[in-house]
>>> print(open('protein.cif').read())   # mmCIF, C-alpha atoms; chains and numbers go by the auth columns
data_target
loop_
_atom_site.group_PDB
_atom_site.id
_atom_site.type_symbol
_atom_site.label_atom_id
_atom_site.label_comp_id
_atom_site.label_asym_id
_atom_site.label_seq_id
_atom_site.Cartn_x
_atom_site.Cartn_y
_atom_site.Cartn_z
_atom_site.B_iso_or_equiv
_atom_site.auth_seq_id
_atom_site.auth_asym_id
ATOM 1 C CA MET A 1 -20.964 6.491 3.172 0.00 1 A
ATOM 2 C CA ASP A 2 -20.186 4.405 0.104 0.00 2 A
ATOM 3 C CA ASP A 3 -23.384 4.204 -1.919 0.00 3 A
ATOM 4 C CA ARG A 4 -21.887 2.681 -5.055 0.00 4 A
ATOM 5 C CA PRO A 5 -23.675 -0.419 -6.368 0.00 5 A
ATOM 6 C CA TYR A 6 -22.106 -3.854 -6.563 0.00 6 A
ATOM 7 C CA ALA A 7 -20.415 -5.250 -9.661 0.00 7 A
ATOM 8 C CA VAL A 8 -20.258 -9.022 -9.224 0.00 8 A
ATOM 9 C CA LEU A 9 -17.584 -10.951 -11.143 0.00 9 A
ATOM 10 C CA ASP A 10 -17.041 -14.658 -11.637 0.00 10 A
ATOM 11 C CA ILE A 11 -13.403 -15.827 -11.683 0.00 11 A
ATOM 12 C CA ASP A 12 -12.884 -19.063 -13.671 0.00 12 A
ATOM 13 C CA ALA A 13 -13.085 -18.497 -17.443 0.00 13 A
ATOM 14 C CA THR A 14 -14.119 -14.888 -16.761 0.00 14 A
ATOM 15 C CA LEU A 15 -10.984 -13.463 -15.132 0.00 15 A
ATOM 16 C CA SER A 16 -8.706 -16.517 -15.218 0.00 16 A
ATOM 17 C CA ASP A 17 -7.779 -18.729 -18.149 0.00 17 A
ATOM 18 C CA THR A 18 -8.677 -22.279 -17.083 0.00 18 A
ATOM 19 C CA SER A 19 -7.596 -23.874 -20.368 0.00 19 A
ATOM 20 C CA LYS A 20 -4.313 -25.287 -18.995 0.00 20 A
ATOM 21 C CA ARG A 21 -6.049 -27.192 -16.178 0.00 21 A
ATOM 22 C CA ILE A 22 -9.320 -28.283 -17.765 0.00 22 A
ATOM 23 C CA HIS A 23 -7.764 -31.669 -18.617 0.00 23 A
ATOM 24 C CA TRP A 24 -7.948 -32.639 -14.934 0.00 24 A
ATOM 25 C CA ILE A 25 -11.749 -32.823 -15.168 0.00 25 A
ATOM 26 C CA GLU A 26 -12.124 -34.168 -18.698 0.00 26 A
ATOM 27 C CA LYS A 27 -11.312 -37.710 -17.597 0.00 27 A
ATOM 28 C CA ARG A 28 -13.128 -40.097 -15.292 0.00 28 A
ATOM 29 C CA PRO A 29 -12.854 -40.004 -12.438 0.00 29 A
ATOM 30 C CA LYS A 30 -12.464 -36.245 -12.454 0.00 30 A
ATOM 31 C CA ASP A 31 -9.457 -35.001 -10.494 0.00 31 A
ATOM 32 C CA TRP A 32 -10.990 -31.979 -8.770 0.00 32 A
ATOM 33 C CA ASP A 33 -8.142 -31.618 -6.284 0.00 33 A
ATOM 34 C CA SER A 34 -5.605 -31.157 -9.097 0.00 34 A
ATOM 35 C CA PHE A 35 -7.977 -28.910 -11.059 0.00 35 A
ATOM 36 C CA PHE A 36 -8.238 -26.491 -8.124 0.00 36 A
ATOM 37 C CA GLU A 37 -4.628 -26.930 -6.987 0.00 37 A
ATOM 38 C CA HIS A 38 -3.412 -25.591 -10.344 0.00 38 A
ATOM 39 C CA ALA A 39 -5.769 -22.573 -10.373 0.00 39 A
ATOM 40 C CA LYS A 40 -2.969 -20.468 -8.883 0.00 40 A
ATOM 41 C CA ASP A 41 -1.088 -20.906 -12.168 0.00 41 A
ATOM 42 C CA ASP A 42 -3.887 -19.584 -14.416 0.00 42 A
ATOM 43 C CA ALA A 43 -3.058 -16.809 -16.827 0.00 43 A
ATOM 44 C CA VAL A 44 -5.116 -13.623 -16.659 0.00 44 A
ATOM 45 C CA LEU A 45 -7.827 -13.109 -19.259 0.00 45 A
ATOM 46 C CA GLU A 46 -6.982 -9.549 -20.271 0.00 46 A
ATOM 47 C CA GLU A 47 -10.585 -8.732 -21.180 0.00 47 A
ATOM 48 C CA GLY A 48 -11.669 -9.804 -17.713 0.00 48 A
ATOM 49 C CA LEU A 49 -9.031 -7.627 -16.055 0.00 49 A
ATOM 50 C CA ALA A 50 -10.092 -4.656 -18.184 0.00 50 A
ATOM 51 C CA VAL A 51 -13.769 -5.132 -17.284 0.00 51 A
ATOM 52 C CA ALA A 52 -12.971 -5.506 -13.560 0.00 52 A
ATOM 53 C CA THR A 53 -10.751 -2.412 -13.569 0.00 53 A
ATOM 54 C CA THR A 54 -13.336 -0.335 -15.424 0.00 54 A
ATOM 55 C CA LEU A 55 -16.163 -1.409 -13.117 0.00 55 A
ATOM 56 C CA ALA A 56 -14.097 -0.698 -9.991 0.00 56 A
ATOM 57 C CA ALA A 57 -14.138 3.022 -10.805 0.00 57 A
ATOM 58 C CA ASP A 58 -17.775 3.386 -9.769 0.00 58 A
ATOM 59 C CA HIS A 59 -18.815 0.053 -8.248 0.00 59 A
ATOM 60 C CA VAL A 60 -18.002 -1.994 -5.177 0.00 60 A
ATOM 61 C CA ILE A 61 -16.353 -5.128 -6.560 0.00 61 A
ATOM 62 C CA VAL A 62 -17.489 -8.565 -5.407 0.00 62 A
ATOM 63 C CA TYR A 63 -15.976 -11.797 -6.676 0.00 63 A
ATOM 64 C CA LEU A 64 -18.487 -14.664 -6.751 0.00 64 A
ATOM 65 C CA THR A 65 -16.867 -17.979 -7.592 0.00 65 A
ATOM 66 C CA GLY A 66 -17.839 -21.607 -7.517 0.00 66 A
ATOM 67 C CA ARG A 67 -14.337 -22.479 -6.322 0.00 67 A
ATOM 68 C CA PRO A 68 -14.436 -24.256 -2.956 0.00 68 A
ATOM 69 C CA GLU A 69 -13.693 -22.332 0.226 0.00 69 A
ATOM 70 C CA ARG A 70 -10.515 -24.386 0.745 0.00 70 A
ATOM 71 C CA THR A 71 -8.931 -22.461 -2.163 0.00 71 A
ATOM 72 C CA ARG A 72 -9.565 -19.026 -0.644 0.00 72 A
ATOM 73 C CA ARG A 73 -5.957 -18.125 0.202 0.00 73 A
ATOM 74 C CA GLU A 74 -4.621 -19.038 -3.253 0.00 74 A
ATOM 75 C CA THR A 75 -7.582 -17.362 -5.006 0.00 75 A
ATOM 76 C CA GLU A 76 -7.216 -14.084 -3.103 0.00 76 A
ATOM 77 C CA LYS A 77 -3.443 -14.124 -3.696 0.00 77 A
ATOM 78 C CA TRP A 78 -3.982 -14.720 -7.438 0.00 78 A
ATOM 79 C CA LEU A 79 -6.394 -11.775 -7.672 0.00 79 A
ATOM 80 C CA LYS A 80 -3.998 -9.469 -5.804 0.00 80 A
ATOM 81 C CA ASP A 81 -0.842 -10.633 -7.612 0.00 81 A
ATOM 82 C CA ASN A 82 -2.515 -10.117 -10.983 0.00 82 A
ATOM 83 C CA GLY A 83 -3.686 -6.567 -10.320 0.00 83 A
ATOM 84 C CA PHE A 84 -7.410 -7.117 -9.873 0.00 84 A
ATOM 85 C CA PRO A 85 -9.298 -4.498 -7.866 0.00 85 A
ATOM 86 C CA ASP A 86 -9.920 -5.117 -4.192 0.00 86 A
ATOM 87 C CA GLY A 87 -13.189 -6.842 -3.459 0.00 87 A
ATOM 88 C CA LYS A 88 -14.838 -9.338 -1.160 0.00 88 A
ATOM 89 C CA VAL A 89 -14.607 -12.935 -2.389 0.00 89 A
ATOM 90 C CA TYR A 90 -17.598 -15.246 -1.974 0.00 90 A
ATOM 91 C CA MET A 91 -16.854 -18.919 -2.512 0.00 91 A
ATOM 92 C CA ARG A 92 -18.733 -22.206 -2.584 0.00 92 A
ATOM 93 C CA GLY A 93 -18.702 -24.135 0.679 0.00 93 A
ATOM 94 C CA ASN A 94 -16.346 -27.113 0.533 0.00 94 A
ATOM 95 C CA THR A 95 -19.264 -29.584 0.501 0.00 95 A
ATOM 96 C CA ASP A 96 -21.745 -27.475 -1.522 0.00 96 A
ATOM 97 C CA ARG A 97 -22.641 -29.330 -4.733 0.00 97 A
ATOM 98 C CA ARG A 98 -25.610 -27.228 -5.844 0.00 98 A
ATOM 99 C CA PRO A 99 -25.567 -26.105 -9.470 0.00 99 A
ATOM 100 C CA SER A 100 -23.721 -22.805 -9.907 0.00 100 A
ATOM 101 C CA MET A 101 -26.944 -21.172 -11.010 0.00 101 A
ATOM 102 C CA LEU A 102 -28.597 -21.859 -7.635 0.00 102 A
ATOM 103 C CA MET A 103 -25.540 -21.036 -5.550 0.00 103 A
ATOM 104 C CA LYS A 104 -24.827 -17.778 -7.366 0.00 104 A
ATOM 105 C CA LEU A 105 -28.442 -16.613 -7.583 0.00 105 A
ATOM 106 C CA GLY A 106 -28.810 -17.126 -3.828 0.00 106 A
ATOM 107 C CA ARG A 107 -25.735 -14.999 -3.173 0.00 107 A
ATOM 108 C CA LEU A 108 -26.915 -12.283 -5.592 0.00 108 A
ATOM 109 C CA LYS A 109 -30.211 -12.039 -3.706 0.00 109 A
ATOM 110 C CA ARG A 110 -28.384 -11.660 -0.386 0.00 110 A
ATOM 111 C CA LEU A 111 -26.053 -9.033 -1.849 0.00 111 A
ATOM 112 C CA ALA A 112 -29.015 -7.099 -3.284 0.00 112 A
ATOM 113 C CA GLU A 113 -30.406 -6.780 0.250 0.00 113 A
ATOM 114 C CA GLN A 114 -27.307 -4.712 1.161 0.00 114 A
ATOM 115 C CA ARG A 115 -27.036 -2.474 -1.922 0.00 115 A
ATOM 116 C CA PRO A 116 -28.056 -2.593 -5.595 0.00 116 A
ATOM 117 C CA VAL A 117 -26.329 -5.147 -7.821 0.00 117 A
ATOM 118 C CA ALA A 118 -25.549 -3.176 -10.978 0.00 118 A
ATOM 119 C CA VAL A 119 -24.110 -6.046 -13.015 0.00 119 A
ATOM 120 C CA LEU A 120 -23.122 -9.702 -12.916 0.00 120 A
ATOM 121 C CA VAL A 121 -20.200 -10.712 -15.162 0.00 121 A
ATOM 122 C CA ASP A 122 -20.043 -14.486 -15.717 0.00 122 A
ATOM 123 C CA ASP A 123 -19.157 -16.967 -18.460 0.00 123 A
ATOM 124 C CA ASP A 124 -21.822 -19.559 -17.621 0.00 124 A
ATOM 125 C CA ALA A 125 -24.846 -19.241 -19.907 0.00 125 A
ATOM 126 C CA THR A 126 -27.114 -20.931 -17.349 0.00 126 A
ATOM 127 C CA VAL A 127 -26.062 -18.536 -14.586 0.00 127 A
ATOM 128 C CA ILE A 128 -26.472 -15.568 -16.936 0.00 128 A
ATOM 129 C CA ALA A 129 -29.960 -16.687 -18.033 0.00 129 A
ATOM 130 C CA ALA A 130 -31.141 -17.240 -14.451 0.00 130 A
ATOM 131 C CA ALA A 131 -29.745 -13.900 -13.265 0.00 131 A
ATOM 132 C CA LYS A 132 -31.317 -12.079 -16.194 0.00 132 A
ATOM 133 C CA LYS A 133 -34.668 -13.769 -15.527 0.00 133 A
ATOM 134 C CA ALA A 134 -34.407 -12.668 -11.878 0.00 134 A
ATOM 135 C CA GLY A 135 -34.017 -9.061 -13.033 0.00 135 A
ATOM 136 C CA TYR A 136 -30.259 -8.552 -12.792 0.00 136 A
ATOM 137 C CA THR A 137 -28.220 -6.786 -15.462 0.00 137 A
ATOM 138 C CA VAL A 138 -25.705 -9.237 -16.893 0.00 138 A
ATOM 139 C CA LEU A 139 -22.576 -9.213 -19.015 0.00 139 A
ATOM 140 C CA ARG A 140 -21.689 -12.557 -20.578 0.00 140 A
ATOM 141 C CA ALA A 141 -17.942 -13.125 -20.387 0.00 141 A
ATOM 142 C CA ASP A 142 -17.604 -14.623 -23.850 0.00 142 A
ATOM 143 C CA TRP A 143 -13.844 -14.029 -23.944 0.00 143 A
ATOM 144 C CA GLY A 144 -13.076 -17.110 -21.809 0.00 144 A
ATOM 145 C CA LEU A 145 -13.829 -20.726 -22.635 0.00 145 A
ATOM 146 C CA ASP A 146 -15.975 -21.462 -25.640 0.00 146 A
ATOM 147 C CA PRO A 147 -18.905 -23.624 -24.464 0.00 147 A
ATOM 148 C CA GLU A 148 -19.043 -25.387 -27.827 0.00 148 A
ATOM 149 C CA SER A 149 -15.435 -26.575 -27.751 0.00 149 A
ATOM 150 C CA GLN A 150 -14.955 -26.717 -23.975 0.00 150 A
ATOM 151 C CA PRO A 151 -18.151 -28.188 -22.498 0.00 151 A
ATOM 152 C CA THR A 152 -16.383 -29.771 -19.531 0.00 152 A
ATOM 153 C CA LEU A 153 -16.329 -26.679 -17.322 0.00 153 A
ATOM 154 C CA PHE A 154 -19.948 -25.838 -18.083 0.00 154 A
ATOM 155 C CA ASP A 155 -21.100 -29.377 -17.285 0.00 155 A
ATOM 156 C CA ALA A 156 -19.170 -29.250 -14.031 0.00 156 A
ATOM 157 C CA GLN A 157 -20.694 -25.929 -13.035 0.00 157 A
ATOM 158 C CA GLU A 158 -24.271 -27.040 -13.499 0.00 158 A
ATOM 159 C CA SER A 159 -24.489 -30.799 -13.088 0.00 159 A
ATOM 160 C CA GLU A 160 -21.773 -31.395 -10.529 0.00 160 A
ATOM 161 C CA GLY A 161 -21.768 -28.106 -8.625 0.00 161 A
ATOM 162 C CA ARG A 162 -18.016 -27.827 -8.606 0.00 162 A
ATOM 163 C CA THR A 163 -16.873 -24.482 -10.017 0.00 163 A
#
>>> encode(input="protein.cif", output="structure tokens")
Amino acid sequence: MDDRPYAVLDIDATLSDTSKRIHWIEKRPKDWDSFFEHAKDDAVLEEGLAVATTLAADHVIVYLTGRPERTRRETEKWLKDNGFPDGKVYMRGNTDRRPSMLMKLGRLKRLAEQRPVAVLVDDDATVIAAAKKAGYTVLRADWGLDPESQPTLFDAQESEGRT
């Protein structure tokens, strides 16, 4: 029996470099379809790959993303093609617009019912703060987007429930 704990990893701006597609959601109206359509072209954030690979040695990997379910095939292909460890991918429902903090905390609680969650790795300060407050160990992925210079993704995650 596999009794390793979970390591839960975000994807956008944690494992993937979203900087080349952020412009799709900086304008009004936001072009979410194009933003997600181009996710398959994201470069790998090397720090994210290193963290995922290290954690996979003694954890069961889970990917927890705010990407909509309709992007599952491309997301799973991107993870595999870029050498990320195998892991189950949990995605936002196509019509789910809850803030990322609520969506991700709910999934963490359900995962913790199956086995311990050893760590959550995420770039979103709000998600990190909520997870920490709920008692989870967290690692802030500060190697991705800078929230001071790239507020668009963070606003989208919390106020629009999109990533």
>>> resolve_selection(input="protein.cif", expression="the PyMOL selection byres ((chain A and resi 114) around 12)", output="PyMOL selection string")
chain A and resi 2-6+60+107-113+115-117
>>> atom_distance(input="protein.cif", atom1="atom CA of A:Lys77", atom2="atom CA of A:Asp31")
22.8 Å
>>> resolve_selection(input="protein.cif", expression="the PyMOL selection byres ((chain A and resi 34) around 10)", output="list in words")
Arg21, Ile22, His23, Trp24, Ile25, Lys30, Asp31, Trp32, Asp33, Phe35, Phe36, Glu37, His38 and Ala39 of chain A
>>> atom_distance(input="protein.cif", atom1="atom CA of A:Asp17", atom2="atom CA of A:Leu45")
5.7 Å
>>> atom_distance(input="protein.cif", atom1="atom CA of A:Asp124", atom2="atom CA of A:Asp142")
9.0 Å
>>> resolve_selection(input="protein.cif", expression="the PyMOL selection byres ((chain A and resi 86-100) around 6)", output="list of chain:residue names")
A:Ile61, A:Val62, A:Tyr63, A:Leu64, A:Thr65, A:Gly66, A:Arg67, A:Pro68, A:Glu69, A:Pro85, A:Met101, A:Leu102, A:Met103, A:Lys104, A:Gln157, A:Glu158, A:Gly161
>>> write_last_selection(input="protein.cif", atoms="C-alpha atoms", output="compact mmCIF listing (two decimals), in the frame of the given file")
# COMPACT_ATOMS: atom_id res chain seq x y z
CA ILE A 61 -16.35 -5.13 -6.56
CA VAL A 62 -17.49 -8.56 -5.41
CA TYR A 63 -15.98 -11.80 -6.68
CA LEU A 64 -18.49 -14.66 -6.75
CA THR A 65 -16.87 -17.98 -7.59
CA GLY A 66 -17.84 -21.61 -7.52
CA ARG A 67 -14.34 -22.48 -6.32
CA PRO A 68 -14.44 -24.26 -2.96
CA GLU A 69 -13.69 -22.33 0.23
CA PRO A 85 -9.30 -4.50 -7.87
CA MET A 101 -26.94 -21.17 -11.01
CA LEU A 102 -28.60 -21.86 -7.64
CA MET A 103 -25.54 -21.04 -5.55
CA LYS A 104 -24.83 -17.78 -7.37
CA GLN A 157 -20.69 -25.93 -13.04
CA GLU A 158 -24.27 -27.04 -13.50
CA GLY A 161 -21.77 -28.11 -8.62
>>> closest_residue(input="protein.cif", among="A:Ile128, A:Val121, A:Leu105, A:Ala57", to="A:Asp12", atoms="all atoms listed in the file")
A:Val121
>>> residues_near_point(input="protein.cif", point="(-7.0, -2.2, -12.2)", cutoff="12 Å", atoms="all atoms listed in the file", output="list in words")
Glu46, Glu47, Gly48, Leu49, Ala50, Val51, Ala52, Thr53, Thr54, Leu55, Ala56, Ala57, Ile61, Leu79, Lys80, Asp81, Asn82, Gly83, Phe84, Pro85, Asp86 and Gly87 of chain A
>>> closest_residue(input="protein.cif", among="A:Glu76, A:Val119, A:Asp41, A:Arg70", to="A:Ala131", atoms="all atoms listed in the file")
A:Val119
>>> closest_residue(input="protein.cif", among="A:Leu120, A:Glu26, A:Lys20, A:Ala130", to="A:Asp42", atoms="all atoms listed in the file")
A:Lys20
>>> residues_around(input="protein.cif", residues="A:Ala13", least_positions_apart="2", cutoff="10 Å", atoms="all atoms listed in the file", output="list in words")
Asp10, Ile11, Leu15, Ser16, Asp17, Thr18, Ser19, Asp42, Val44, Leu45, Gly48, Asp122, Asp123, Asp124, Ala141, Asp142, Trp143, Gly144, Leu145, Asp146 and Leu153 of chain A
>>> build_atoms(input="protein.cif", residues="stretch 102-119 of chain A", atoms="N, CA, C and O atoms", output="PDB file, in the frame of the given file")
ATOM      1  N   LEU A 102     -27.906 -21.987  -8.926  1.00  0.00           N
ATOM      2  CA  LEU A 102     -28.597 -21.859  -7.635  1.00  0.00           C
ATOM      3  C   LEU A 102     -27.704 -21.183  -6.602  1.00  0.00           C
ATOM      4  O   LEU A 102     -28.149 -20.297  -5.869  1.00  0.00           O
ATOM      5  N   MET A 103     -26.463 -21.601  -6.527  1.00  0.00           N
ATOM      6  CA  MET A 103     -25.540 -21.036  -5.550  1.00  0.00           C
ATOM      7  C   MET A 103     -25.339 -19.542  -5.794  1.00  0.00           C
ATOM      8  O   MET A 103     -25.433 -18.731  -4.880  1.00  0.00           O
ATOM      9  N   LYS A 104     -25.118 -19.172  -7.053  1.00  0.00           N
ATOM     10  CA  LYS A 104     -24.827 -17.778  -7.366  1.00  0.00           C
ATOM     11  C   LYS A 104     -26.074 -16.896  -7.264  1.00  0.00           C
ATOM     12  O   LYS A 104     -25.994 -15.769  -6.777  1.00  0.00           O
ATOM     13  N   LEU A 105     -27.211 -17.400  -7.686  1.00  0.00           N
ATOM     14  CA  LEU A 105     -28.442 -16.613  -7.583  1.00  0.00           C
ATOM     15  C   LEU A 105     -28.781 -16.335  -6.115  1.00  0.00           C
ATOM     16  O   LEU A 105     -29.202 -15.226  -5.768  1.00  0.00           O
ATOM     17  N   GLY A 106     -28.583 -17.326  -5.263  1.00  0.00           N
ATOM     18  CA  GLY A 106     -28.810 -17.126  -3.828  1.00  0.00           C
ATOM     19  C   GLY A 106     -27.926 -16.031  -3.264  1.00  0.00           C
ATOM     20  O   GLY A 106     -28.375 -15.177  -2.493  1.00  0.00           O
ATOM     21  N   ARG A 107     -26.660 -16.030  -3.658  1.00  0.00           N
ATOM     22  CA  ARG A 107     -25.735 -14.999  -3.173  1.00  0.00           C
ATOM     23  C   ARG A 107     -26.097 -13.634  -3.740  1.00  0.00           C
ATOM     24  O   ARG A 107     -26.050 -12.623  -3.024  1.00  0.00           O
ATOM     25  N   LEU A 108     -26.497 -13.568  -5.012  1.00  0.00           N
ATOM     26  CA  LEU A 108     -26.915 -12.283  -5.592  1.00  0.00           C
ATOM     27  C   LEU A 108     -28.088 -11.692  -4.821  1.00  0.00           C
ATOM     28  O   LEU A 108     -28.116 -10.486  -4.548  1.00  0.00           O
ATOM     29  N   LYS A 109     -29.043 -12.525  -4.461  1.00  0.00           N
ATOM     30  CA  LYS A 109     -30.211 -12.039  -3.706  1.00  0.00           C
ATOM     31  C   LYS A 109     -29.789 -11.479  -2.351  1.00  0.00           C
ATOM     32  O   LYS A 109     -30.288 -10.435  -1.924  1.00  0.00           O
ATOM     33  N   ARG A 110     -28.856 -12.159  -1.682  1.00  0.00           N
ATOM     34  CA  ARG A 110     -28.384 -11.660  -0.386  1.00  0.00           C
ATOM     35  C   ARG A 110     -27.595 -10.359  -0.550  1.00  0.00           C
ATOM     36  O   ARG A 110     -27.724  -9.439   0.258  1.00  0.00           O
ATOM     37  N   LEU A 111     -26.797 -10.272  -1.596  1.00  0.00           N
ATOM     38  CA  LEU A 111     -26.053  -9.033  -1.849  1.00  0.00           C
ATOM     39  C   LEU A 111     -27.005  -7.878  -2.133  1.00  0.00           C
ATOM     40  O   LEU A 111     -26.796  -6.755  -1.658  1.00  0.00           O
ATOM     41  N   ALA A 112     -28.054  -8.142  -2.905  1.00  0.00           N
ATOM     42  CA  ALA A 112     -29.015  -7.099  -3.284  1.00  0.00           C
ATOM     43  C   ALA A 112     -29.772  -6.554  -2.076  1.00  0.00           C
ATOM     44  O   ALA A 112     -30.328  -5.455  -2.142  1.00  0.00           O
ATOM     45  N   GLU A 113     -29.782  -7.281  -0.980  1.00  0.00           N
ATOM     46  CA  GLU A 113     -30.406  -6.780   0.250  1.00  0.00           C
ATOM     47  C   GLU A 113     -29.540  -5.705   0.905  1.00  0.00           C
ATOM     48  O   GLU A 113     -30.023  -4.897   1.689  1.00  0.00           O
ATOM     49  N   GLN A 114     -28.241  -5.675   0.574  1.00  0.00           N
ATOM     50  CA  GLN A 114     -27.307  -4.712   1.161  1.00  0.00           C
ATOM     51  C   GLN A 114     -27.186  -3.432   0.337  1.00  0.00           C
ATOM     52  O   GLN A 114     -27.085  -2.347   0.887  1.00  0.00           O
ATOM     53  N   ARG A 115     -27.159  -3.595  -0.995  1.00  0.00           N
ATOM     54  CA  ARG A 115     -27.036  -2.474  -1.922  1.00  0.00           C
ATOM     55  C   ARG A 115     -27.388  -2.997  -3.308  1.00  0.00           C
ATOM     56  O   ARG A 115     -27.363  -4.196  -3.534  1.00  0.00           O
ATOM     57  N   PRO A 116     -27.700  -2.113  -4.253  1.00  0.00           N
ATOM     58  CA  PRO A 116     -28.056  -2.593  -5.595  1.00  0.00           C
ATOM     59  C   PRO A 116     -26.916  -3.379  -6.252  1.00  0.00           C
ATOM     60  O   PRO A 116     -25.742  -3.053  -6.064  1.00  0.00           O
ATOM     61  N   VAL A 117     -27.281  -4.408  -7.000  1.00  0.00           N
ATOM     62  CA  VAL A 117     -26.329  -5.147  -7.821  1.00  0.00           C
ATOM     63  C   VAL A 117     -26.475  -4.586  -9.233  1.00  0.00           C
ATOM     64  O   VAL A 117     -27.484  -4.801  -9.894  1.00  0.00           O
ATOM     65  N   ALA A 118     -25.474  -3.841  -9.673  1.00  0.00           N
ATOM     66  CA  ALA A 118     -25.549  -3.176 -10.978  1.00  0.00           C
ATOM     67  C   ALA A 118     -25.330  -4.143 -12.127  1.00  0.00           C
ATOM     68  O   ALA A 118     -25.959  -4.017 -13.175  1.00  0.00           O
ATOM     69  N   VAL A 119     -24.427  -5.125 -11.923  1.00  0.00           N
ATOM     70  CA  VAL A 119     -24.110  -6.046 -13.015  1.00  0.00           C
ATOM     71  C   VAL A 119     -23.494  -7.323 -12.469  1.00  0.00           C
ATOM     72  O   VAL A 119     -22.773  -7.300 -11.470  1.00  0.00           O
TER      73      VAL A 119
END
